[in-house]
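Here's protein34.cif, which has mmCIF, C-alpha atoms and all ligand atoms:
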data_structure
#
loop_
_atom_site.label_atom_id
_atom_site.label_comp_id
_atom_site.auth_asym_id
_atom_site.auth_seq_id
_atom_site.Cartn_x
_atom_site.Cartn_y
_atom_site.Cartn_z
CA MET A 1 -11.69 -3.26 20.04
CA THR A 2 -9.07 -5.42 18.34
CA ALA A 3 -7.94 -9.00 18.96
CA ALA A 4 -4.50 -10.44 18.26
CA PRO A 5 -4.23 -12.19 14.87
CA PRO A 6 -3.77 -15.96 14.47
CA ASP A 7 -0.21 -17.21 13.88
CA ILE A 8 -0.45 -18.00 10.17
CA LEU A 9 2.22 -20.41 8.88
CA ARG A 10 1.62 -20.20 5.12
CA CYS A 11 -0.84 -20.14 2.27
CA ALA A 12 -1.95 -23.76 2.06
CA TYR A 13 -4.86 -24.39 -0.33
CA LEU A 14 -7.29 -22.80 -2.75
CA GLU A 15 -10.80 -23.98 -3.61
CA LEU A 16 -11.53 -23.36 -7.28
CA VAL A 17 -14.99 -23.72 -8.80
CA VAL A 18 -14.66 -24.97 -12.37
CA GLY A 19 -17.21 -25.34 -15.17
CA ASP A 20 -16.07 -28.79 -16.34
CA LEU A 21 -14.36 -31.01 -13.77
CA ALA A 22 -12.93 -33.41 -16.36
CA ALA A 23 -11.40 -30.58 -18.39
CA ALA A 24 -9.94 -29.02 -15.26
CA ARG A 25 -8.56 -32.39 -14.11
CA GLU A 26 -6.87 -32.87 -17.49
CA PHE A 27 -5.22 -29.44 -17.19
CA TYR A 28 -4.00 -29.67 -13.60
CA VAL A 29 -3.12 -33.39 -13.54
CA ASP A 30 -2.30 -34.49 -17.08
CA VAL A 31 -0.69 -31.24 -18.27
CA LEU A 32 0.75 -29.68 -15.08
CA GLY A 33 1.37 -32.89 -13.12
CA LEU A 34 -0.28 -32.05 -9.80
CA VAL A 35 -0.91 -35.16 -7.69
CA VAL A 36 -4.45 -36.43 -6.94
CA THR A 37 -4.84 -37.00 -3.20
CA GLU A 38 -8.48 -38.07 -3.58
CA GLU A 39 -11.37 -37.47 -5.95
CA ASN A 40 -15.05 -38.15 -6.46
CA GLY A 41 -17.56 -37.10 -9.12
CA ARG A 42 -17.95 -33.63 -7.60
CA GLU A 43 -14.52 -32.51 -6.47
CA ILE A 44 -10.84 -33.40 -6.79
CA HIS A 45 -8.19 -32.76 -4.13
CA LEU A 46 -4.73 -32.09 -5.57
CA ARG A 47 -1.30 -31.40 -4.10
CA ALA A 48 2.22 -30.55 -5.19
CA LEU A 49 4.98 -33.12 -5.06
CA GLU A 50 6.65 -31.97 -1.82
CA GLU A 51 3.39 -31.36 0.06
CA PHE A 52 2.46 -33.51 3.06
CA ILE A 53 -0.90 -31.95 3.99
CA HIS A 54 -3.99 -33.38 2.31
CA HIS A 55 -4.22 -30.86 -0.54
CA ASN A 56 -3.17 -27.53 -2.02
CA LEU A 57 -5.98 -27.22 -4.54
CA VAL A 58 -9.62 -28.29 -4.57
CA LEU A 59 -11.40 -28.40 -7.92
CA ARG A 60 -15.18 -28.37 -7.50
CA GLU A 61 -17.60 -28.34 -10.42
CA GLY A 62 -20.11 -25.49 -10.30
CA PRO A 63 -22.18 -23.06 -12.37
CA VAL A 64 -19.87 -20.04 -12.05
CA PRO A 65 -16.08 -20.40 -12.31
CA ALA A 66 -14.81 -18.67 -9.15
CA VAL A 67 -12.63 -18.94 -6.06
CA ALA A 68 -14.53 -20.26 -3.03
CA ALA A 69 -11.76 -20.26 -0.40
CA PHE A 70 -8.19 -19.11 0.27
CA GLY A 71 -6.86 -21.53 2.91
CA PHE A 72 -4.11 -20.65 5.38
CA ARG A 73 -2.59 -23.06 7.90
CA VAL A 74 -2.16 -21.74 11.44
CA ARG A 75 0.46 -22.91 13.94
CA THR A 76 -1.78 -24.39 16.68
CA PRO A 77 -5.45 -25.30 17.22
CA ARG A 78 -5.66 -22.31 19.59
CA ASP A 79 -4.98 -20.05 16.62
CA LEU A 80 -8.45 -20.92 15.36
CA ASP A 81 -9.83 -19.15 18.45
CA ALA A 82 -7.55 -16.21 17.67
CA ALA A 83 -8.75 -16.13 14.05
CA GLU A 84 -12.39 -16.13 15.17
CA ALA A 85 -11.80 -13.34 17.71
CA HIS A 86 -9.66 -11.29 15.30
CA TYR A 87 -12.28 -11.24 12.55
CA ARG A 88 -15.25 -10.78 14.87
CA ALA A 89 -13.42 -7.73 16.24
CA LEU A 90 -13.11 -6.51 12.62
CA GLY A 91 -16.88 -6.93 12.22
CA CYS A 92 -16.51 -9.65 9.58
CA ALA A 93 -18.79 -12.62 8.92
CA VAL A 94 -17.24 -15.64 10.69
CA ARG A 95 -18.29 -19.30 10.56
CA ARG A 96 -16.66 -22.11 12.55
CA GLU A 97 -17.04 -25.42 10.74
CA PRO A 98 -16.55 -28.90 12.27
CA PRO A 99 -13.88 -31.39 11.15
CA GLY A 100 -14.77 -32.86 7.78
CA PHE A 101 -16.39 -29.71 6.44
CA ARG A 102 -13.28 -29.57 4.28
CA THR A 103 -12.16 -33.08 3.13
CA GLY A 104 -8.96 -34.11 4.92
CA VAL A 105 -9.03 -31.08 7.20
CA GLY A 106 -10.08 -30.64 10.84
CA GLU A 107 -11.99 -27.68 12.24
CA VAL A 108 -12.03 -24.64 9.93
CA VAL A 109 -12.70 -20.97 10.68
CA ARG A 110 -14.14 -19.32 7.57
CA VAL A 111 -14.38 -15.54 7.21
CA LEU A 112 -15.36 -12.98 4.60
CA ASP A 113 -12.49 -10.59 5.24
CA PRO A 114 -12.59 -6.75 5.15
CA LEU A 115 -11.55 -6.81 1.46
CA GLY A 116 -14.37 -9.22 0.58
CA PHE A 117 -12.21 -12.34 0.24
CA PRO A 118 -13.25 -15.79 1.60
CA TYR A 119 -10.33 -16.70 3.85
CA GLU A 120 -10.24 -19.83 5.94
CA PHE A 121 -7.91 -21.01 8.69
CA PHE A 122 -7.12 -24.54 9.83
CA HIS A 123 -4.55 -26.47 11.82
CA ASP A 124 -5.49 -30.17 12.02
CA VAL A 125 -5.09 -31.81 8.63
CA ALA A 126 -4.52 -35.32 7.30
CA HIS A 127 -0.92 -36.13 6.41
CA VAL A 128 -0.36 -37.78 3.02
CA PRO A 129 2.88 -39.09 1.44
CA ARG A 130 5.43 -36.40 0.61
CA LEU A 131 6.63 -37.42 -2.86
CA THR A 132 9.88 -35.46 -2.74
CA TRP A 133 12.09 -38.51 -3.46
CA ARG A 134 9.61 -40.33 -5.70
CA TYR A 135 11.23 -39.07 -8.90
CA GLU A 136 9.49 -41.76 -10.90
CA GLN A 137 6.26 -39.89 -10.25
CA TYR A 138 7.58 -36.51 -11.39
CA GLY A 139 6.26 -34.97 -14.56
CA ALA A 140 8.95 -32.83 -16.16
CA GLY A 141 7.05 -29.78 -14.97
CA ALA A 142 7.82 -30.95 -11.42
CA ILE A 143 5.55 -28.65 -9.41
CA VAL A 144 6.82 -29.03 -5.85
CA ARG A 145 5.00 -26.47 -3.68
CA LEU A 146 2.11 -24.02 -3.48
CA ASP A 147 3.93 -20.68 -3.26
CA HIS A 148 1.41 -17.83 -3.16
CA PHE A 149 -1.91 -16.23 -3.98
CA ASN A 150 -2.39 -12.87 -5.69
CA GLN A 151 -5.54 -10.84 -4.99
CA VAL A 152 -6.99 -7.90 -6.90
CA CYS A 153 -8.36 -5.15 -4.66
CA PRO A 154 -9.20 -1.48 -5.29
CA ASP A 155 -7.18 0.05 -2.45
CA VAL A 156 -3.74 -1.59 -2.10
CA VAL A 157 -2.73 0.71 0.79
CA ALA A 158 -5.76 -0.24 2.90
CA GLY A 159 -5.48 -3.88 1.84
CA ALA A 160 -1.81 -4.11 2.81
CA ALA A 161 -2.54 -2.45 6.17
CA TYR A 162 -5.22 -5.09 6.88
CA LEU A 163 -2.82 -7.92 5.95
CA GLU A 164 -0.03 -6.39 8.06
CA GLY A 165 -2.53 -6.33 10.95
CA LEU A 166 -3.03 -10.06 10.24
CA GLY A 167 0.72 -10.58 10.75
CA PHE A 168 1.92 -10.49 7.13
CA LYS A 169 5.21 -8.71 6.37
CA ARG A 170 5.50 -6.46 3.32
CA THR A 171 8.52 -7.46 1.21
CA GLU A 172 8.13 -5.50 -2.03
CA ASP A 173 5.80 -2.94 -3.59
CA ILE A 174 5.30 -0.80 -6.69
CA ARG A 175 4.69 2.92 -6.21
CA ASP A 176 4.96 6.24 -8.05
CA ASP A 177 6.41 9.63 -7.13
CA ASP A 178 2.92 10.85 -6.17
CA GLY A 179 2.67 8.24 -3.42
CA VAL A 180 0.22 5.94 -5.24
CA THR A 181 0.76 2.25 -4.44
CA TYR A 182 -0.07 -0.04 -7.35
CA ALA A 183 0.84 -3.46 -5.89
CA ALA A 184 2.33 -5.04 -2.76
CA TRP A 185 3.79 -8.43 -1.83
CA LEU A 186 3.36 -9.79 1.69
CA ALA A 187 4.74 -12.89 3.42
CA ARG A 188 4.25 -15.16 6.39
CA LYS A 189 6.75 -17.87 5.35
CA ASP A 190 10.39 -16.91 4.58
CA THR A 191 9.90 -16.22 0.86
CA VAL A 192 8.79 -13.08 -1.00
CA HIS A 193 5.08 -13.66 -0.48
CA ASP A 194 2.20 -15.83 0.60
CA THR A 195 -0.12 -13.38 -1.00
CA ALA A 196 0.08 -10.16 -2.99
CA LEU A 197 -2.30 -7.30 -3.77
CA THR A 198 -2.74 -6.03 -7.32
CA GLY A 199 -4.63 -2.73 -7.63
CA GLY A 200 -7.87 -3.05 -9.59
CA ALA A 201 -11.58 -3.75 -9.35
CA GLY A 202 -12.03 -6.30 -6.58
CA PRO A 203 -12.28 -8.52 -4.72
CA ARG A 204 -11.00 -10.90 -7.42
CA MET A 205 -8.32 -13.60 -7.47
CA HIS A 206 -5.49 -12.63 -9.82
CA HIS A 207 -3.60 -15.92 -9.64
CA ILE A 208 -2.41 -18.84 -7.62
CA ALA A 209 1.29 -19.70 -7.97
CA PHE A 210 3.00 -23.05 -7.71
CA ALA A 211 6.78 -23.43 -7.42
CA THR A 212 9.23 -25.61 -9.31
CA HIS A 213 12.89 -26.04 -8.31
CA GLU A 214 14.39 -25.15 -11.65
CA ARG A 215 13.83 -22.82 -14.61
CA HIS A 216 14.01 -25.78 -16.98
CA ASN A 217 10.85 -27.19 -15.37
CA ILE A 218 9.03 -24.04 -16.50
CA LEU A 219 10.54 -24.21 -19.98
CA TYR A 220 9.42 -27.85 -20.24
CA ILE A 221 5.83 -26.86 -19.43
CA CYS A 222 5.98 -24.37 -22.32
CA ASP A 223 7.40 -27.01 -24.67
CA LYS A 224 4.75 -29.52 -23.56
CA LEU A 225 1.93 -27.03 -24.16
CA GLY A 226 3.36 -26.38 -27.62
CA ALA A 227 3.49 -30.11 -28.36
CA LEU A 228 -0.13 -30.42 -27.23
CA ARG A 229 -1.06 -27.49 -29.50
CA ARG A 230 -2.23 -25.66 -26.36
CA SER A 231 0.17 -22.73 -26.46
CA ASP A 232 -2.91 -20.52 -26.11
CA ALA A 233 -2.88 -21.51 -22.42
CA ILE A 234 0.28 -19.40 -22.06
CA GLU A 235 -0.70 -15.85 -21.16
CA ARG A 236 2.57 -14.20 -20.08
CA GLY A 237 6.20 -15.29 -19.98
CA PRO A 238 8.32 -17.25 -19.51
CA GLY A 239 10.49 -14.53 -18.09
CA ARG A 240 12.32 -13.16 -15.08
CA HIS A 241 10.38 -10.91 -12.69
CA GLY A 242 11.91 -7.72 -11.36
CA VAL A 243 9.78 -7.89 -8.21
CA SER A 244 10.75 -11.14 -6.40
CA ASN A 245 13.50 -11.93 -8.96
CA ALA A 246 11.62 -15.17 -9.68
CA PHE A 247 11.54 -16.90 -13.06
CA TYR A 248 7.90 -17.09 -14.08
CA LEU A 249 5.20 -18.32 -16.45
CA TYR A 250 1.50 -17.47 -16.39
CA LEU A 251 -1.08 -19.90 -17.70
CA ARG A 252 -4.86 -19.71 -17.99
CA ASP A 253 -6.79 -22.85 -17.10
CA PRO A 254 -9.90 -24.01 -19.08
CA ASP A 255 -12.07 -21.64 -17.01
CA GLY A 256 -9.69 -18.71 -17.38
CA HIS A 257 -8.34 -18.97 -13.82
CA ARG A 258 -4.72 -17.71 -13.88
CA ILE A 259 -1.97 -20.05 -12.67
CA GLU A 260 1.63 -18.92 -12.21
CA VAL A 261 4.54 -21.34 -12.24
CA TYR A 262 7.38 -19.69 -10.35
CA THR A 263 10.90 -20.48 -9.17
CA GLN A 264 13.92 -18.96 -7.41
CA ASP A 265 12.74 -15.98 -5.41
CA TYR A 266 14.77 -15.09 -2.30
CA TYR A 267 14.89 -15.47 1.50
CA THR A 268 13.00 -12.82 3.52
CA GLY A 269 12.95 -14.36 7.02
CA ASP A 270 14.95 -11.85 9.08
CA PRO A 271 12.78 -9.39 11.05
CA ASP A 272 14.63 -6.45 9.46
CA ASN A 273 14.28 -7.77 5.91
CA PRO A 274 14.48 -4.59 3.77
CA VAL A 275 11.37 -3.75 1.72
CA VAL A 276 12.10 -3.34 -2.01
CA THR A 277 10.10 -0.53 -3.63
CA TRP A 278 9.87 -0.25 -7.43
CA ASP A 279 8.96 2.81 -9.49
CA VAL A 280 5.79 2.11 -11.47
CA HIS A 281 7.54 3.63 -14.53
CA ASP A 282 10.50 1.24 -14.31
CA GLU A 283 10.18 -0.97 -17.38
CA GLN A 284 12.04 -3.78 -15.56
CA ARG A 285 9.84 -3.94 -12.44
CA ARG A 286 7.49 -6.68 -13.65
CA ASP A 287 9.81 -8.25 -16.22
CA TRP A 288 13.54 -7.85 -15.55
CA TRP A 289 14.22 -8.13 -19.27
CA GLY A 290 11.78 -5.31 -20.07
CA HIS A 291 9.19 -7.46 -21.81
CA PRO A 292 5.77 -5.74 -21.81
CA VAL A 293 2.93 -7.04 -19.62
CA VAL A 294 0.03 -8.25 -21.77
CA PRO A 295 -3.14 -6.20 -21.12
CA SER A 296 -5.19 -9.24 -20.04
CA TRP A 297 -2.75 -9.74 -17.14
CA TYR A 298 -3.85 -6.35 -15.78
CA THR A 299 -7.55 -6.56 -16.61
CA GLU A 300 -8.72 -10.18 -16.18
CA ALA A 301 -9.14 -12.04 -12.86
CA SER A 302 -11.40 -14.61 -11.16
CA THR A 303 -14.64 -13.93 -9.29
CA VAL A 304 -14.61 -14.76 -5.58
CA LEU A 305 -17.55 -16.21 -3.62
CA ASP A 306 -18.88 -15.24 -0.19
CA LEU A 307 -19.50 -17.76 2.61
CA ASP A 308 -22.88 -18.66 1.07
CA GLY A 309 -21.31 -19.32 -2.34
CA ASP A 310 -22.57 -16.15 -4.00
CA PRO A 311 -20.28 -13.91 -6.10
CA VAL A 312 -18.93 -10.94 -4.10
CA PRO A 313 -19.81 -7.64 -5.84
CA LEU A 314 -16.84 -5.66 -7.16
CA ARG A 315 -15.67 -2.19 -6.16
CA GLU A 316 -13.75 -0.17 -8.75
CA ARG A 317 -10.26 1.17 -8.02
CA GLU A 318 -10.35 4.94 -7.44
CA GLU A 319 -6.61 5.57 -7.81
CA PRO A 320 -4.77 5.42 -11.18
CA ALA A 321 -4.49 2.00 -12.82
CA GLU A 322 -0.95 0.71 -13.47
CA MET A 323 -1.77 -0.16 -17.07
CA ASP A 324 -2.93 3.39 -17.73
CA VAL A 325 0.19 5.06 -16.33
CA THR A 326 2.84 2.79 -17.87
CA VAL A 327 1.70 2.09 -21.44
CA GLY A 328 1.01 4.46 -24.30
CA ALA A 329 2.60 6.48 -27.10
CA ASP A 330 4.14 8.79 -24.48
CA GLY A 331 6.17 5.83 -23.28
CA PHE A 332 6.22 6.87 -19.67
CA SER A 333 8.10 3.72 -18.79
CA TYR A 334 11.90 3.95 -18.77
CA THR A 335 14.77 1.48 -18.91
CA ARG A 336 17.30 3.96 -17.47
CA LYS A 337 15.67 6.49 -15.13
CA ASP A 338 17.82 9.46 -16.13
CA ASP A 339 17.97 8.65 -19.81
CA THR A 340 16.94 11.93 -21.45
CA GLY A 341 16.13 10.02 -24.65
CA GLY A 342 13.14 8.56 -22.89
CA GLY A 343 14.73 5.11 -22.81
CA PHE A 344 11.43 3.43 -23.41
CA LYS A 345 11.09 0.33 -25.52
CA LEU A 346 9.43 0.73 -28.87
CA GLY A 347 6.70 -1.84 -29.42
CA GLY A 348 5.99 -1.96 -25.72
CA GLN A 349 3.17 0.54 -26.13
CA LEU A 350 -0.44 -0.02 -27.10
O1 LIG B 1 5.16 -8.98 -12.33
S1 LIG B 1 5.88 -8.79 -11.05
O2 LIG B 1 7.35 -8.79 -11.24
O3 LIG B 1 5.44 -7.60 -10.37
C1 LIG B 1 5.51 -10.16 -10.07
C2 LIG B 1 6.39 -10.58 -9.08
C3 LIG B 1 6.09 -11.72 -8.34
C4 LIG B 1 4.91 -12.41 -8.58
O4 LIG B 1 4.56 -13.54 -7.90
C5 LIG B 1 4.02 -11.96 -9.55
O5 LIG B 1 2.89 -12.68 -9.76
C6 LIG B 1 4.32 -10.82 -10.31
FE FE B 2 2.76 -14.33 -8.54
#
Using structure tokens, write down the structure from this file.
Ligand SMILES: O=S(=O)(O)c1ccc(O)c(O)c1
Ligand SMILES: [Fe+2]
Amino acid sequence: MTAAPPDILRCAYLELVVGDLAAAREFYVDVLGLVVTEENGREIHLRALEEFIHHNLVLREGPVPAVAAFGFRVRTPRDLDAAEAHYRALGCAVRREPPGFRTGVGEVVRVLDPLGFPYEFFHDVAHVPRLTWRYEQYGAGAIVRLDHFNQVCPDVVAGAAYLEGLGFKRTEDIRDDDGVTYAAWLARKDTVHDTALTGGAGPRMHHIAFATHERHNILYICDKLGALRRSDAIERGPGRHGVSNAFYLYLRDPDGHRIEVYTQDYYTGDPDNPVVTWDVHDEQRRDWWGHPVVPSWYTEASTVLDLDGDPVPLREREEPAEMDVTVGADGFSYTRKDDTGGGFKLGGQL
């Protein structure tokens, strides 16, 4: 028995558990320039500059750095009923929480989804000032929107099928000639993704991504981290993605949570938007300029919590791992597919 999915508008907020609230606040507010909507001694509610809902990120101090909730806004209050019915039909744990359970948010339907991720759905939410035109409040990093989540799960094919059943549309993926799918990007709003699946031991959160309008905003964040002698917060990039075509930078926060700053992907809103599939051996799939992906980007990710706040046990990926099939002295990755010389980049191998 199935039940129609809720009409999800977009990824809207993430609840992050951090080990030191002051250190996390300094990173997300003082360094990255996210805006404090409200805060107390236990948690801080932050938003991007163009956001008008109460928050895009909750920082809550706790014993184990982890992700406690992936929040999605739905189109109408009735979509909360649809969310509850959809997940009960999937046999998932479902809890309906009253307004105020989540600061600034009305009623929330929380689920532990089939992949083991704590998703939650809401409609009613407090409106706060959209700071779009308040340029005097902009840090030069100018983070304007929450753009997407990225989730690590063992079986990307099954995970993408579940998300497509939830109404997400696949826009890009990475595969090989044997039919293995290594990663997939899926959208509800008219951009490349609201969330993505990265093949690996999961459930874990790979990253949360915020958008800037310009590439120079991302370059400024790098310069600022250098000036602060915190360049070790830069894990990967800056660079240009192949998948999504976005300009990107990956940072690690004080707890190791991965944050992407991202700009200039493309419109995907037509119903017949063509899916872009990349060959896992294409050296330009993850970095259009062919720069290698640092190993930690493939191996490290954040724990996720169940609805009781306990870490969700991991399942290992059974199919080949992308890092294993694209790096090594054999240089399986190519720049030009038919280049008989191998065409792989020296120095890009471990
Ligand atoms: O590295 S990829 O080009 O595959 C990529 C594309 C879009 C993303 O948001 C991302 O995190 C990673
Ligand atoms: Fe991303």
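Compared by their closest atoms to Cys222 in chain A, and using all atoms listed in the file, the residues A:Gly141, A:Gly106, A:Pro295, A:Pro203 rank with A:Gly141 nearest.
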Counting all atoms listed in the file, which residues of range 238-340 of chain A sit at most 12 Å from some atom of range 84-97 of chain A, and what is each one's closest atom pair with its distance in Å to one decimal, listed by chain and rising residue number, as JSON lines?
{"residue": "A:Asp306", "atom": "CA", "partner": "A:Ala93", "partner_atom": "CA", "distance": 9.5}
{"residue": "A:Leu307", "atom": "CA", "partner": "A:Ala93", "partner_atom": "CA", "distance": 8.2}
{"residue": "A:Asp308", "atom": "CA", "partner": "A:Arg95", "partner_atom": "CA", "distance": 10.6}
Please identify all polymer residues within 10 Å of range 274-285 of chain A, counting only C-alpha atoms, omitting same-chain residues fewer than 3 positions from it, and present them as an MDAnalysis selection string.
-> chainID A and resid 169:177 180:185 240:245 268 270:271 288:293 322:323 325:327 331:337 343:345 348
If you count only C-alpha atoms, which residues fall within 12 Å of Gly116 in chain A, apart from same-chain ones fewer than 3 positions away, as a VMD selection string?
-> chain A and resid 67 to 70 92 to 93 111 to 113 119 151 to 154 159 162 201 to 205 303 to 307 310 to 315
Would you save the residues of that selection, restricted to C-alpha atoms, as a PDB file, in the coordinates of the input?
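Everything below was put into out35.pdb:
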ATOM      1  CA  VAL A  67     -12.630 -18.940  -6.060  1.00  0.00           C
ATOM      2  CA  ALA A  68     -14.530 -20.260  -3.030  1.00  0.00           C
ATOM      3  CA  ALA A  69     -11.760 -20.260  -0.400  1.00  0.00           C
ATOM      4  CA  PHE A  70      -8.190 -19.110   0.270  1.00  0.00           C
ATOM      5  CA  CYS A  92     -16.510  -9.650   9.580  1.00  0.00           C
ATOM      6  CA  ALA A  93     -18.790 -12.620   8.920  1.00  0.00           C
ATOM      7  CA  VAL A 111     -14.380 -15.540   7.210  1.00  0.00           C
ATOM      8  CA  LEU A 112     -15.360 -12.980   4.600  1.00  0.00           C
ATOM      9  CA  ASP A 113     -12.490 -10.590   5.240  1.00  0.00           C
ATOM     10  CA  TYR A 119     -10.330 -16.700   3.850  1.00  0.00           C
ATOM     11  CA  GLN A 151      -5.540 -10.840  -4.990  1.00  0.00           C
ATOM     12  CA  VAL A 152      -6.990  -7.900  -6.900  1.00  0.00           C
ATOM     13  CA  CYS A 153      -8.360  -5.150  -4.660  1.00  0.00           C
ATOM     14  CA  PRO A 154      -9.200  -1.480  -5.290  1.00  0.00           C
ATOM     15  CA  GLY A 159      -5.480  -3.880   1.840  1.00  0.00           C
ATOM     16  CA  TYR A 162      -5.220  -5.090   6.880  1.00  0.00           C
ATOM     17  CA  ALA A 201     -11.580  -3.750  -9.350  1.00  0.00           C
ATOM     18  CA  GLY A 202     -12.030  -6.300  -6.580  1.00  0.00           C
ATOM     19  CA  PRO A 203     -12.280  -8.520  -4.720  1.00  0.00           C
ATOM     20  CA  ARG A 204     -11.000 -10.900  -7.420  1.00  0.00           C
ATOM     21  CA  MET A 205      -8.320 -13.600  -7.470  1.00  0.00           C
ATOM     22  CA  THR A 303     -14.640 -13.930  -9.290  1.00  0.00           C
ATOM     23  CA  VAL A 304     -14.610 -14.760  -5.580  1.00  0.00           C
ATOM     24  CA  LEU A 305     -17.550 -16.210  -3.620  1.00  0.00           C
ATOM     25  CA  ASP A 306     -18.880 -15.240  -0.190  1.00  0.00           C
ATOM     26  CA  LEU A 307     -19.500 -17.760   2.610  1.00  0.00           C
ATOM     27  CA  ASP A 310     -22.570 -16.150  -4.000  1.00  0.00           C
ATOM     28  CA  PRO A 311     -20.280 -13.910  -6.100  1.00  0.00           C
ATOM     29  CA  VAL A 312     -18.930 -10.940  -4.100  1.00  0.00           C
ATOM     30  CA  PRO A 313     -19.810  -7.640  -5.840  1.00  0.00           C
ATOM     31  CA  LEU A 314     -16.840  -5.660  -7.160  1.00  0.00           C
ATOM     32  CA  ARG A 315     -15.670  -2.190  -6.160  1.00  0.00           C
TER      33      ARG A 315
END
Expected selection as number ranges by chain for ligand FE 2 (chain B) within 8 Å, only C-alpha atoms and all ligand atoms | A: 148-150, 196, 207-209, 260, 262
Between CA of Arg47 in chain A and CA of Val29 in chain A lies a distance of 9.8 Å
Contacts of Asn56 in chain A at 7 Å (all atoms listed in the file; same-chain gap of 2+ positions) as a ChimeraX atom specification = /A:12-14,46-48,58,146
Return the padded bounding box of ligand LIG 1 (chain B) as JSON: axis-aligned, built from all atoms listed in the file, 5 Å added on each side, with centre and edge lengths in Å to one decimal.
{"center_x": 5.1, "center_y": -10.6, "center_z": -10.1, "size_x": 14.5, "size_y": 15.9, "size_z": 14.4}
Which residue out of A:Asp338, A:Ala246, A:Gly256, A:Val294 has the minimum interatomic distance to ligand LIG 1 (chain B) when only C-alpha atoms and all ligand atoms are used?
-> A:Ala246
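What separates CA of Gly226 in chain A from CA of Tyr248 in chain A is a distance of 17.0 Å.
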Smallest atom-to-atom distance to Asp155 in chain A: which of A:Pro320, A:Pro77, A:Gly199, A:Pro254, using all atoms listed in the file?
-> A:Gly199
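Restricting the calculation to only C-alpha atoms, the smallest distance between His123 in chain A and any of A:Arg110, A:Arg102, A:Arg60, A:Arg75 is found for A:Arg75.
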Spatial neighbours of Asp223 in chain A, 12 Å, only C-alpha atoms, chain gap at least 2 places, as a PDB file with C-alpha atoms, in the frame of the given file:
ATOM      1  CA  VAL A  31      -0.690 -31.240 -18.270  1.00  0.00           C
ATOM      2  CA  LEU A  32       0.750 -29.680 -15.080  1.00  0.00           C
ATOM      3  CA  ALA A 140       8.950 -32.830 -16.160  1.00  0.00           C
ATOM      4  CA  GLY A 141       7.050 -29.780 -14.970  1.00  0.00           C
ATOM      5  CA  HIS A 216      14.010 -25.780 -16.980  1.00  0.00           C
ATOM      6  CA  ASN A 217      10.850 -27.190 -15.370  1.00  0.00           C
ATOM      7  CA  ILE A 218       9.030 -24.040 -16.500  1.00  0.00           C
ATOM      8  CA  LEU A 219      10.540 -24.210 -19.980  1.00  0.00           C
ATOM      9  CA  TYR A 220       9.420 -27.850 -20.240  1.00  0.00           C
ATOM     10  CA  ILE A 221       5.830 -26.860 -19.430  1.00  0.00           C
ATOM     11  CA  LEU A 225       1.930 -27.030 -24.160  1.00  0.00           C
ATOM     12  CA  GLY A 226       3.360 -26.380 -27.620  1.00  0.00           C
ATOM     13  CA  ALA A 227       3.490 -30.110 -28.360  1.00  0.00           C
ATOM     14  CA  LEU A 228      -0.130 -30.420 -27.230  1.00  0.00           C
ATOM     15  CA  ARG A 229      -1.060 -27.490 -29.500  1.00  0.00           C
ATOM     16  CA  ARG A 230      -2.230 -25.660 -26.360  1.00  0.00           C
ATOM     17  CA  SER A 231       0.170 -22.730 -26.460  1.00  0.00           C
ATOM     18  CA  ALA A 233      -2.880 -21.510 -22.420  1.00  0.00           C
ATOM     19  CA  ILE A 234       0.280 -19.400 -22.060  1.00  0.00           C
ATOM     20  CA  PRO A 238       8.320 -17.250 -19.510  1.00  0.00           C
TER      21      PRO A 238
END
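What separates CA of Phe210 in chain A from CA of Val261 in chain A is a distance of 5.1 Å.
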List as a tab-separated table (two decimals) with C-alpha atoms, keeping the file's coordinate frame the residues having at least one atom at most 10 Å from position (-4.6, -21.8, 18.4) as given in the file, counting all atoms listed in the file.
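Generated output (point.tsv):
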chain	number	residue	atom	x	y	z
A	6	PRO	CA	-3.77	-15.96	14.47
A	7	ASP	CA	-0.21	-17.21	13.88
A	8	ILE	CA	-0.45	-18.00	10.17
A	74	VAL	CA	-2.16	-21.74	11.44
A	75	ARG	CA	0.46	-22.91	13.94
A	76	THR	CA	-1.78	-24.39	16.68
A	77	PRO	CA	-5.45	-25.30	17.22
A	78	ARG	CA	-5.66	-22.31	19.59
A	79	ASP	CA	-4.98	-20.05	16.62
A	80	LEU	CA	-8.45	-20.92	15.36
A	81	ASP	CA	-9.83	-19.15	18.45
A	82	ALA	CA	-7.55	-16.21	17.67
A	83	ALA	CA	-8.75	-16.13	14.05
A	122	PHE	CA	-7.12	-24.54	9.83
A	123	HIS	CA	-4.55	-26.47	11.82
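Distances here use only C-alpha atoms and all ligand atoms; by that measure, the residue among A:Gly104, A:Pro63, A:Gly239, A:Gly269 closest to ligand LIG 1 (chain B) is A:Gly239.
Minimum distance to Arg252 in chain A across A:Glu164, A:Glu300, A:Asp287, A:Glu39 (counting all atoms listed in the file) occurs at A:Glu300.
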